[in-house]
file my_file.txt (compact mmCIF, C-alpha atoms and all ligand atoms)
# COMPACT_ATOMS: atom_id res chain seq x y z
CA MET D 1 95.12 -70.99 64.94
CA GLU D 2 95.65 -74.32 66.70
CA ALA D 3 93.40 -76.16 64.25
CA ASP D 4 95.58 -74.95 61.34
CA ARG D 5 98.72 -76.13 63.10
CA ILE D 6 97.27 -79.59 63.67
CA LYS D 7 95.99 -79.89 60.11
CA TRP D 8 99.25 -78.78 58.54
CA ASP D 9 101.46 -80.78 60.89
CA GLU D 10 99.51 -83.87 59.79
CA ARG D 11 99.98 -82.99 56.14
CA TYR D 12 103.71 -82.42 56.58
CA GLY D 13 104.01 -85.59 58.63
CA GLY D 14 103.97 -87.82 55.54
CA LYS D 15 107.05 -89.10 53.81
CA ASP D 16 107.05 -86.89 50.73
CA HIS D 17 107.35 -83.18 50.35
CA LEU D 18 103.91 -81.60 49.95
CA PHE D 19 105.23 -79.03 47.53
CA SER D 20 108.09 -79.45 45.12
CA LEU D 21 111.56 -78.62 46.37
CA ALA D 22 111.75 -76.16 43.51
CA PRO D 23 110.57 -72.62 44.16
CA SER D 24 107.36 -71.30 42.75
CA ARG D 25 107.75 -70.77 39.01
CA LEU D 26 106.48 -67.21 39.35
CA LEU D 27 109.16 -66.36 41.91
CA ALA D 28 111.91 -67.88 39.78
CA GLU D 29 110.66 -65.99 36.73
CA LYS D 30 110.45 -62.64 38.54
CA LEU D 31 113.64 -62.85 40.59
CA GLU D 32 115.76 -60.71 38.28
CA LEU D 33 113.04 -58.09 37.98
CA ILE D 34 112.69 -58.01 41.76
CA ARG D 35 116.43 -57.65 42.25
CA SER D 36 116.40 -54.68 39.91
CA LEU D 37 113.56 -53.05 41.86
CA VAL D 38 114.66 -53.37 45.47
CA THR D 39 117.52 -51.63 47.24
CA GLY D 40 118.17 -54.26 49.92
CA ARG D 41 118.09 -57.98 50.46
CA ARG D 42 115.86 -58.53 53.50
CA ALA D 43 113.07 -60.97 52.60
CA LEU D 44 110.09 -62.54 54.34
CA ASP D 45 108.44 -65.77 53.23
CA ILE D 46 104.88 -65.80 54.60
CA ALA D 47 103.36 -69.21 55.44
CA CYS D 48 106.56 -70.74 54.12
CA GLY D 49 105.58 -74.39 54.66
CA GLU D 50 108.64 -76.51 53.91
CA GLY D 51 110.52 -73.38 52.91
CA ARG D 52 111.02 -73.89 49.19
CA ASN D 53 110.70 -70.19 48.37
CA GLY D 54 112.66 -68.88 51.34
CA ILE D 55 115.45 -71.32 50.61
CA PHE D 56 115.52 -70.22 46.97
CA LEU D 57 115.78 -66.60 48.08
CA ALA D 58 118.63 -67.45 50.48
CA GLN D 59 120.38 -69.22 47.61
CA ASN D 60 120.07 -65.98 45.71
CA GLY D 61 121.59 -63.72 48.29
CA PHE D 62 118.60 -62.68 50.38
CA GLU D 63 118.59 -62.64 54.16
CA VAL D 64 115.37 -64.53 54.85
CA ASP D 65 112.82 -64.77 57.64
CA ALA D 66 110.32 -67.56 56.97
CA VAL D 67 107.18 -67.87 59.09
CA ASP D 68 104.71 -70.72 59.39
CA VAL D 69 102.45 -72.27 62.02
CA SER D 70 103.52 -75.85 61.31
CA GLY D 71 106.51 -77.08 63.29
CA ARG D 72 106.78 -80.08 60.98
CA GLY D 73 106.87 -77.99 57.85
CA LEU D 74 109.50 -75.74 59.41
CA ALA D 75 111.58 -78.72 60.55
CA ARG D 76 111.74 -79.90 56.95
CA GLY D 77 112.76 -76.44 55.85
CA ARG D 78 115.44 -76.20 58.54
CA ASN D 79 116.88 -79.59 57.60
CA ARG D 80 117.02 -78.76 53.95
CA ALA D 81 118.57 -75.34 54.54
CA ALA D 82 121.21 -76.96 56.78
CA GLN D 83 121.98 -79.59 54.12
CA LEU D 84 122.48 -76.81 51.61
CA GLY D 85 124.58 -74.75 54.03
CA LEU D 86 122.11 -71.87 53.94
CA GLN D 87 120.95 -69.50 56.65
CA VAL D 88 117.18 -69.07 56.84
CA ASN D 89 115.55 -67.74 59.99
CA PHE D 90 112.56 -70.09 60.33
CA VAL D 91 109.98 -68.84 62.83
CA ARG D 92 107.00 -70.78 64.15
CA ALA D 93 104.08 -68.42 64.59
CA ASP D 94 100.38 -68.13 63.98
CA LEU D 95 100.05 -65.36 61.43
CA GLU D 96 96.58 -64.57 62.75
CA GLN D 97 98.29 -63.32 65.93
CA TYR D 98 101.86 -62.56 64.89
CA ARG D 99 103.14 -59.01 64.75
CA LEU D 100 105.62 -58.70 61.93
CA GLN D 101 109.03 -57.60 63.11
CA GLY D 102 111.41 -55.78 60.89
CA ILE D 103 111.39 -54.10 57.56
CA TYR D 104 111.62 -56.10 54.34
CA HIS D 105 112.61 -55.35 50.79
CA LEU D 106 110.71 -58.38 49.52
CA ILE D 107 107.75 -60.30 50.91
CA VAL D 108 106.54 -63.46 49.20
CA ASP D 109 103.19 -65.06 49.90
CA PHE D 110 102.37 -68.22 48.00
CA ASN D 111 99.28 -70.36 48.44
CA PHE D 112 98.16 -68.60 51.60
CA LEU D 113 95.38 -66.05 52.01
CA LEU D 114 94.86 -64.15 55.22
CA ARG D 115 93.12 -60.97 54.14
CA PRO D 116 93.59 -58.98 57.39
CA LEU D 117 97.35 -59.58 57.21
CA ILE D 118 97.81 -57.74 53.92
CA PRO D 119 97.93 -54.18 55.36
CA ALA D 120 100.56 -55.36 57.87
CA LEU D 121 102.61 -56.83 55.02
CA VAL D 122 102.56 -53.53 53.13
CA GLU D 123 103.42 -51.72 56.37
CA ALA D 124 106.43 -54.01 56.86
CA LEU D 125 107.84 -53.15 53.43
CA ALA D 126 110.72 -50.73 53.10
CA PRO D 127 109.98 -47.82 50.77
CA GLY D 128 110.23 -49.27 47.26
CA GLY D 129 109.96 -52.81 48.61
CA VAL D 130 107.81 -55.37 46.84
CA ILE D 131 105.27 -58.07 47.60
CA LEU D 132 104.90 -61.03 45.28
CA MET D 133 101.75 -63.02 45.97
CA GLU D 134 100.02 -65.88 44.20
CA THR D 135 97.18 -67.99 45.49
CA ILE D 136 94.14 -69.96 44.46
CA LEU D 137 91.34 -68.28 42.57
CA ASN D 138 87.75 -69.41 42.82
CA ALA D 139 86.99 -70.20 39.19
CA PRO D 140 84.80 -72.85 37.54
CA THR D 141 87.76 -75.08 36.62
CA LEU D 142 88.89 -75.42 40.26
CA GLN D 143 89.20 -79.08 41.26
CA GLY D 144 89.37 -80.67 44.69
CA VAL D 145 87.96 -79.68 48.04
CA HIS D 146 88.78 -76.16 49.22
CA THR D 147 87.70 -73.94 52.08
CA GLY D 148 85.83 -71.00 50.57
CA GLU D 149 87.41 -68.33 52.78
CA PHE D 150 90.88 -69.26 51.54
CA LEU D 151 89.97 -68.69 47.90
CA LEU D 152 90.34 -65.38 46.11
CA GLN D 153 87.28 -64.21 44.26
CA PRO D 154 87.67 -62.82 40.73
CA GLY D 155 88.85 -59.22 40.94
CA GLU D 156 89.53 -59.47 44.66
CA LEU D 157 93.33 -59.32 44.64
CA GLU D 158 93.22 -56.00 42.81
CA ARG D 159 90.75 -54.66 45.37
CA LEU D 160 92.85 -55.88 48.30
CA PHE D 161 95.81 -53.77 47.13
CA ALA D 162 93.88 -50.83 45.72
CA GLY D 163 94.16 -48.62 48.81
CA PHE D 164 97.93 -48.75 49.24
CA GLN D 165 100.45 -46.15 48.12
CA GLY D 166 102.52 -47.76 45.42
CA ARG D 167 102.19 -49.38 42.02
CA VAL D 168 100.98 -52.68 40.74
CA LEU D 169 103.61 -54.10 38.40
CA LEU D 170 101.82 -57.34 37.63
CA LEU D 171 98.23 -58.38 38.15
CA GLU D 172 96.94 -61.53 36.53
CA GLU D 173 94.16 -64.01 36.96
CA ASP D 174 94.63 -67.37 35.34
CA PRO D 175 91.25 -69.05 35.60
CA SER D 176 92.24 -72.10 33.54
CA GLY D 177 93.63 -75.38 34.80
CA GLU D 178 92.74 -77.46 37.82
CA THR D 179 94.24 -74.88 40.16
CA PRO D 180 93.31 -71.44 38.90
CA VAL D 181 95.37 -68.66 40.49
CA ALA D 182 95.62 -64.92 40.83
CA ARG D 183 98.95 -63.17 41.26
CA ILE D 184 100.24 -59.71 42.00
CA LEU D 185 103.56 -57.91 42.15
CA PHE D 186 103.11 -54.72 44.16
CA GLN D 187 105.78 -52.11 44.85
CA LYS D 188 105.35 -49.77 47.80
CA ALA D 189 105.86 -46.10 47.08
CA GLY D 190 109.47 -45.01 47.60
C1 LIG Q 201 99.35 -74.33 50.93
S1 LIG Q 201 100.66 -74.22 52.11
C2 LIG Q 201 101.78 -73.15 51.26
C3 LIG Q 201 103.22 -73.32 51.67
C4 LIG Q 201 104.23 -72.46 50.93
N1 LIG Q 201 103.86 -71.05 50.89
C5 LIG Q 201 104.46 -72.96 49.53
O1 LIG Q 201 103.85 -72.44 48.57
O2 LIG Q 201 105.24 -73.91 49.39
C6 LIG Q 201 99.94 -73.17 53.30
C7 LIG Q 201 100.80 -72.94 54.53
O3 LIG Q 201 100.14 -72.02 55.39
C8 LIG Q 201 100.45 -72.39 56.72
N2 LIG Q 201 99.46 -71.78 57.60
C9 LIG Q 201 98.12 -72.01 57.63
N3 LIG Q 201 97.53 -71.26 58.57
C10 LIG Q 201 98.52 -70.52 59.15
C11 LIG Q 201 98.55 -69.55 60.19
N4 LIG Q 201 97.44 -69.17 60.83
N5 LIG Q 201 99.74 -69.01 60.53
C12 LIG Q 201 100.89 -69.39 59.89
N6 LIG Q 201 100.92 -70.29 58.90
C13 LIG Q 201 99.75 -70.85 58.53
C14 LIG Q 201 100.43 -73.90 56.72
O4 LIG Q 201 101.14 -74.47 57.78
C15 LIG Q 201 101.05 -74.21 55.34
O5 LIG Q 201 102.42 -74.43 55.45

call {"tool": "encode", "arguments": {"input": "my_file.txt", "output": "structure tokens"}}
result
Amino acid sequence: MEADRIKWDERYGGKDHLFSLAPSRLLAEKLELIRSLVTGRRALDIACGEGRNGIFLAQNGFEVDAVDVSGRGLARGRNRAAQLGLQVNFVRADLEQYRLQGIYHLIVDFNFLLRPLIPALVEALAPGGVILMETILNAPTLQGVHTGEFLLQPGELERLFAGFQGRVLLLEEDPSGETPVARILFQKAG
């Protein structure tokens, strides 16, 4: 949506990186497990922002598409990938409209919640492919100002994946800390 693009372009317009250059800790921790689960190396980083997770995956041998609505976030990702000599296919698109193209062995979705997109993500997985997702949970410890619709409710992540053919390999809610999160590792049936 245009309002999202404007908001995020402003946020990425500042001097510093909004997120660390390092990948999500969860992704780094689960990389070896994921490699052992999937049969190919095609990956999609959903709402990639400045591309920290897609770049990490490219560094680790994945062929990565990385989608975001913010041209400024993507420009930062492109620059960093070029500096590192990595190929990442950064795509500017509004995920509320975008039709996923291709089949992926791994889809990562960090700090982004678009509930209607989840069935399309599962559809875009190769048999045996996995989705790793982690985003903010609405819990009493949550600090800062957040838009309610972008917060997971307790128990919701499990419900969002309950109807799909496959298995849940990890499902956690961490309601402590200033940014409580819920996370899932889901593998599509082979
Ligand atoms: C909290 S950031 C997370 C960035 C990245 N996943 C990470 O963890 O480093 C949320 C991202 O969602 C993107 N975004 C928001 N609405 C979007 C939409 N409708 N389509 C595509 N990207 C969107 C923003 O541009 C922003 O980069």

call {"tool": "residues_near_ligand", "arguments": {"input": "my_file.txt", "ligand": "ligand LIG 201 (chain Q)", "cutoff": "9 Å", "atoms": "all atoms listed in the file", "output": "VMD selection string"}}
result
chain D and resid 1 to 9 11 to 12 18 to 21 23 to 24 45 to 53 67 to 74 92 to 98 108 to 114 134 to 135

call {"tool": "atom_distance", "arguments": {"input": "my_file.txt", "atom1": "atom CA of Glu172 of chain D", "atom2": "atom CA of Gly155 of chain D"}}
result
9.5 Å

call {"tool": "residues_around", "arguments": {"input": "my_file.txt", "residues": "Phe161 of chain D", "least_positions_apart": "3", "cutoff": "12 Å", "atoms": "only C-alpha atoms", "output": "list in words"}}
result
Arg115, Pro116, Leu117, Ile118, Pro119, Ala120, Leu121, Val122, Ile131, Leu132, Met133, Gly155, Glu156, Leu157, Glu158, Phe164, Gln165, Gly166, Arg167, Val168, Leu169, Leu170, Leu171, Arg183, Ile184, Leu185, Phe186, Gln187 and Lys188 of chain D

call {"tool": "atom_distance", "arguments": {"input": "my_file.txt", "atom1": "atom CA of Pro140 of chain D", "atom2": "atom CA of Pro175 of chain D"}}
result
7.7 Å

call {"tool": "closest_residue", "arguments": {"input": "my_file.txt", "among": "D:Gly102, D:Val130, D:Ala28, D:Ile55", "to": "Gln87 of chain D", "atoms": "only C-alpha atoms"}}
result
D:Ile55

call {"tool": "closest_residue", "arguments": {"input": "my_file.txt", "among": "D:Ala58, D:Ala82, D:Ala182, D:Val64", "to": "Tyr104 of chain D", "atoms": "all atoms listed in the file"}}
result
D:Val64

call {"tool": "closest_residue", "arguments": {"input": "my_file.txt", "among": "D:Asn138, D:Gly163, D:Val88, D:Glu149", "to": "Pro180 of chain D", "atoms": "all atoms listed in the file"}}
result
D:Asn138

call {"tool": "atom_distance", "arguments": {"input": "my_file.txt", "atom1": "atom CA of Gly77 of chain D", "atom2": "atom CA of Arg41 of chain D"}}
result
20.0 Å

call {"tool": "closest_residue", "arguments": {"input": "my_file.txt", "among": "D:Pro154, D:Gly13, D:Gly40, D:Pro127", "to": "Ala75 of chain D", "atoms": "all atoms listed in the file"}}
result
D:Gly13

call {"tool": "residues_around", "arguments": {"input": "my_file.txt", "residues": "Gln59 of chain D", "least_positions_apart": "5", "cutoff": "9 Å", "atoms": "only C-alpha atoms", "output": "ChimeraX atom specification"}}
result
/D:54,84,86

call {"tool": "build_atoms", "arguments": {"input": "my_file.txt", "residues": "segment 14-25 of chain D", "atoms": "all heavy atoms", "output": "CSV table (one decimal), in the frame of the given file"}}
result
chain,number,residue,atom,x,y,z
D,14,GLY,N,103.8,-86.7,56.5
D,14,GLY,CA,104.0,-87.8,55.5
D,14,GLY,C,105.4,-87.9,55.0
D,14,GLY,O,106.2,-87.0,55.4
D,15,LYS,N,105.7,-88.9,54.2
D,15,LYS,CA,107.0,-89.1,53.8
D,15,LYS,C,107.5,-88.1,52.8
D,15,LYS,O,108.6,-87.6,52.8
D,15,LYS,CB,107.1,-90.5,53.2
D,15,LYS,CG,108.5,-91.1,53.2
D,15,LYS,CD,108.5,-92.6,53.0
D,15,LYS,CE,107.7,-92.9,51.7
D,15,LYS,NZ,108.2,-93.8,50.8
D,16,ASP,N,106.6,-87.7,51.9
D,16,ASP,CA,107.0,-86.9,50.7
D,16,ASP,C,106.9,-85.4,51.0
D,16,ASP,O,106.1,-85.0,51.9
D,16,ASP,CB,106.2,-87.2,49.5
D,16,ASP,CG,106.5,-88.7,49.1
D,16,ASP,OD1,107.7,-89.1,49.2
D,16,ASP,OD2,105.6,-89.3,48.6
D,17,HIS,N,107.6,-84.6,50.3
D,17,HIS,CA,107.4,-83.2,50.4
D,17,HIS,C,106.0,-82.9,49.8
D,17,HIS,O,105.6,-83.4,48.7
D,17,HIS,CB,108.4,-82.4,49.6
D,17,HIS,CG,109.7,-82.5,50.3
D,17,HIS,ND1,110.1,-81.5,51.2
D,17,HIS,CD2,110.8,-83.3,50.2
D,17,HIS,CE1,111.3,-81.8,51.7
D,17,HIS,NE2,111.7,-82.9,51.1
D,18,LEU,N,105.2,-82.0,50.4
D,18,LEU,CA,103.9,-81.6,50.0
D,18,LEU,C,104.0,-80.8,48.7
D,18,LEU,O,103.3,-80.9,47.8
D,18,LEU,CB,103.2,-80.8,51.0
D,18,LEU,CG,102.2,-81.4,51.9
D,18,LEU,CD1,101.4,-80.4,52.6
D,18,LEU,CD2,101.3,-82.4,51.2
D,19,PHE,N,105.0,-79.9,48.7
D,19,PHE,CA,105.2,-79.0,47.5
D,19,PHE,C,106.6,-79.5,47.0
D,19,PHE,O,107.3,-80.1,47.6
D,19,PHE,CB,105.3,-77.6,47.9
D,19,PHE,CG,103.9,-77.1,48.4
D,19,PHE,CD1,103.5,-77.2,49.7
D,19,PHE,CD2,103.0,-76.5,47.4
D,19,PHE,CE1,102.2,-76.8,50.1
D,19,PHE,CE2,101.8,-76.1,47.8
D,19,PHE,CZ,101.4,-76.2,49.2
D,20,SER,N,106.8,-79.1,45.7
D,20,SER,CA,108.1,-79.4,45.1
D,20,SER,C,109.2,-78.8,45.9
D,20,SER,O,109.0,-77.8,46.6
D,20,SER,CB,108.1,-79.0,43.7
D,20,SER,OG,108.2,-77.6,43.6
D,21,LEU,N,110.4,-79.3,45.7
D,21,LEU,CA,111.6,-78.6,46.4
D,21,LEU,C,111.9,-77.3,45.6
D,21,LEU,O,112.5,-76.4,46.1
D,21,LEU,CB,112.8,-79.5,46.4
D,21,LEU,CG,112.6,-80.8,47.3
D,21,LEU,CD1,113.9,-81.6,47.2
D,21,LEU,CD2,112.4,-80.4,48.7
D,22,ALA,N,111.5,-77.3,44.3
D,22,ALA,CA,111.8,-76.2,43.5
D,22,ALA,C,110.9,-75.0,44.0
D,22,ALA,O,109.8,-75.2,44.5
D,22,ALA,CB,111.4,-76.5,42.1
D,23,PRO,N,111.4,-73.8,43.8
D,23,PRO,CA,110.6,-72.6,44.2
D,23,PRO,C,109.4,-72.5,43.2
D,23,PRO,O,109.3,-73.1,42.2
D,23,PRO,CB,111.5,-71.5,43.9
D,23,PRO,CG,112.5,-71.9,42.9
D,23,PRO,CD,112.6,-73.4,43.1
D,24,SER,N,108.5,-71.7,43.6
D,24,SER,CA,107.4,-71.3,42.8
D,24,SER,C,107.9,-70.8,41.4
D,24,SER,O,108.9,-70.0,41.4
D,24,SER,CB,106.6,-70.2,43.4
D,24,SER,OG,106.2,-69.2,42.5
D,25,ARG,N,107.3,-71.2,40.3
D,25,ARG,CA,107.8,-70.8,39.0
D,25,ARG,C,107.7,-69.3,38.9
D,25,ARG,O,108.6,-68.6,38.3
D,25,ARG,CB,106.9,-71.4,37.9
D,25,ARG,CG,107.6,-71.3,36.6
D,25,ARG,CD,106.8,-72.1,35.5
D,25,ARG,NE,105.6,-71.5,35.2
D,25,ARG,CZ,104.7,-72.0,34.4
D,25,ARG,NH1,104.9,-73.1,33.8
D,25,ARG,NH2,103.6,-71.3,34.1
